[in-house]
Amino acid sequence: MTYDYAIIGGGIIGLSVGMELTKKHPDASVIILEKESGISLHQTGRNSGVIHSGIYYKPGSLKAELARQGNKQLVDFCKEYQIPHKISGKVIAAASEAEIPLLEKLYQRGLENQLAVRKISTEELRQAEPHVNGIAAIKVPSTGIVDYKKVAEQFSAIIAENGGEISLDTEVQDISFKQSHVEISTNKGAFESRFLINCAGLFSDRIAQMANIRPDLKIVPFRGEYYELKPEKRHLVKNLVYPVPNPDFPFLGVHFTRMIDGRVLVGPNAVFSFKREGYKKSDFQLKDFVEGLTYPGFLKLASGNLSEGLKEMVRSYSKKAFIKEVQRFVPEIAIDDLIPAQAGVRAQALNREGNLLDDFAIIHDRRALHVCNAPSPAATASIEIGKKVVQMMEQGNS
């Protein structure tokens, strides 16, 4: 048969798009092609579970808009389907005088993004997080936690209820555009569809290239390595504690996250991964390694962030170096209090000039749409991203 819509990728974004399509177009045939044996096994199933507020993102950007709206949509969705979640809020703390002006800028950005962010005194910080070392802090009340794998499973259930299909163990190998349809060649044979939606995450740029799109970007994988506090030390962190991010480095820094199951994650660092799905330091794939390392944009990014990048590498291989960063905020955490936790890999788009794309990147073609950059806060914004993708697709075809 020829499907009306084929979605490549069974992560939370592909599933959200599928859910929106089956709701909005109940008579349409929808199939999701996923190369793994289950849904949401990569970025969705390996993140820290934070429901983001949108405080960090440029006002007016898709990230800021969809994170703020998506936060509310996600919470409402979790309430409706009884998915465990908690809106605990988070504190962003400055540990030194030099960080206070940066904290103030972040506070102002939160206000610009229409968030109920507020400054809190050191006394309020001690009440909220008694073990955290901070000389100034802000509270972001709309931040929370959830298990995104359970959210994705509910998306999948809704798709099935609405008549959509999910084909697992189905790896896309080639894409060709015929006169009346798109032919998607896979290890399970060919699938035909009138419209293609690429939500392939870590491989979204390669899928776009199969579809004859040459976006000015490349997915560069960054592994985020976490520790977790051993059970008897979990009391040292009540909810979520973040540092003031370094404006010269494109990641948020080591932070503390009390998960929905009570575990407390500490991390991540951010290091270049030698494989797009490389969750261990020893993981290596020659094509991924060479393609990433020789990309002009990566070389410019690496040279421009050499000092911070080297620090991240040192923290990756030295627990002693990692614990120094941890103890800036929670001095009572000792090196033996940290045990290794599951790592994740972030699909971050990078352009040839060496700039990490600040915003979501969605590319519309005549019979295809490609979600080519959807890192954090994509899980938070997933419901809104699904709606946005379908809206863009309809507008482009009208």
# chains A, B, ... in the order shown; residues from 1 in each chain; ligands from 1
call {"tool": "residues_around", "arguments": {"residues": "A:Asn113", "least_positions_apart": "2", "cutoff": "9 Å", "atoms": "only C-alpha atoms", "output": "PDB file with C-alpha atoms, in the first residue's frame"}}
result
ATOM      1  CA  GLY A  54      12.800  27.594  28.481  1.00  0.00           C
ATOM      2  CA  ILE A  55      14.874  30.071  30.482  1.00  0.00           C
ATOM      3  CA  TYR A  56      18.116  29.628  28.539  1.00  0.00           C
ATOM      4  CA  TYR A  57      16.840  30.199  25.023  1.00  0.00           C
ATOM      5  CA  LYS A  58      16.892  33.325  22.897  1.00  0.00           C
ATOM      6  CA  PRO A  59      13.600  35.222  23.281  1.00  0.00           C
ATOM      7  CA  GLY A  60      11.453  34.802  20.191  1.00  0.00           C
ATOM      8  CA  ALA A  64      11.954  29.487  23.746  1.00  0.00           C
ATOM      9  CA  GLU A  65       8.406  29.506  22.379  1.00  0.00           C
ATOM     10  CA  ARG A  68       7.379  27.343  27.323  1.00  0.00           C
ATOM     11  CA  GLN A 108      16.434  38.973  32.740  1.00  0.00           C
ATOM     12  CA  ARG A 109      16.214  36.418  29.950  1.00  0.00           C
ATOM     13  CA  GLY A 110      13.763  34.405  32.013  1.00  0.00           C
ATOM     14  CA  LEU A 111      11.572  37.479  32.365  1.00  0.00           C
ATOM     15  CA  LEU A 115       8.620  32.896  32.991  1.00  0.00           C
TER      16      LEU A 115
END
call {"tool": "closest_atom_pairs", "arguments": {"of": "stretch 165-213 of chain A", "to": "stretch 12-20 of chain A", "cutoff": "10 Å", "atoms": "only C-alpha atoms", "output": "JSON lines"}}
result
{"residue": "A:Glu165", "atom": "CA", "partner": "A:Gly18", "partner_atom": "CA", "distance": 9.1}
{"residue": "A:Ile166", "atom": "CA", "partner": "A:Leu15", "partner_atom": "CA", "distance": 9.2}
{"residue": "A:Ile197", "atom": "CA", "partner": "A:Gly14", "partner_atom": "CA", "distance": 8.2}
{"residue": "A:Asn198", "atom": "CA", "partner": "A:Gly14", "partner_atom": "CA", "distance": 7.8}
{"residue": "A:Cys199", "atom": "CA", "partner": "A:Gly14", "partner_atom": "CA", "distance": 5.2}
{"residue": "A:Ala200", "atom": "CA", "partner": "A:Gly14", "partner_atom": "CA", "distance": 7.7}
{"residue": "A:Gly201", "atom": "CA", "partner": "A:Ile13", "partner_atom": "CA", "distance": 8.5}
call {"tool": "select_by_dssp", "arguments": {"residues": "stretch 88-325 of chain A", "states": "strand (DSSP E)", "output": "VMD selection string"}}
result
chain A and resid 90 to 94 118 to 120 136 to 140 144 to 146 165 to 167 172 to 177 182 to 186 189 to 198 218 to 224 227 to 229 240 to 243 255 to 258 264 to 267 271 to 272
call {"tool": "residues_around", "arguments": {"residues": "A:Lys149", "least_positions_apart": "4", "cutoff": "7 Å", "atoms": "only C-alpha atoms", "output": "VMD selection string"}}
result
chain A and resid 40 44 to 45 153
call {"tool": "closest_residue", "arguments": {"among": "A:His255, A:Arg46, A:His25, A:Lys218", "to": "A:Glu353", "atoms": "only C-alpha atoms"}}
result
A:Lys218
call {"tool": "closest_residue", "arguments": {"among": "A:Gly10, A:Pro84, A:Pro243, A:Gly70", "to": "A:Glu384", "atoms": "only C-alpha atoms"}}
result
A:Gly70
call {"tool": "closest_residue", "arguments": {"among": "A:Val30, A:Val330, A:Ile339, A:Ile363", "to": "A:Met1", "atoms": "only C-alpha atoms"}}
result
A:Val30
call {"tool": "select_by_dssp", "arguments": {"residues": "stretch 141-264 of chain A", "states": "helix (DSSP H, G or I)", "output": "count of residues only"}}
result
30
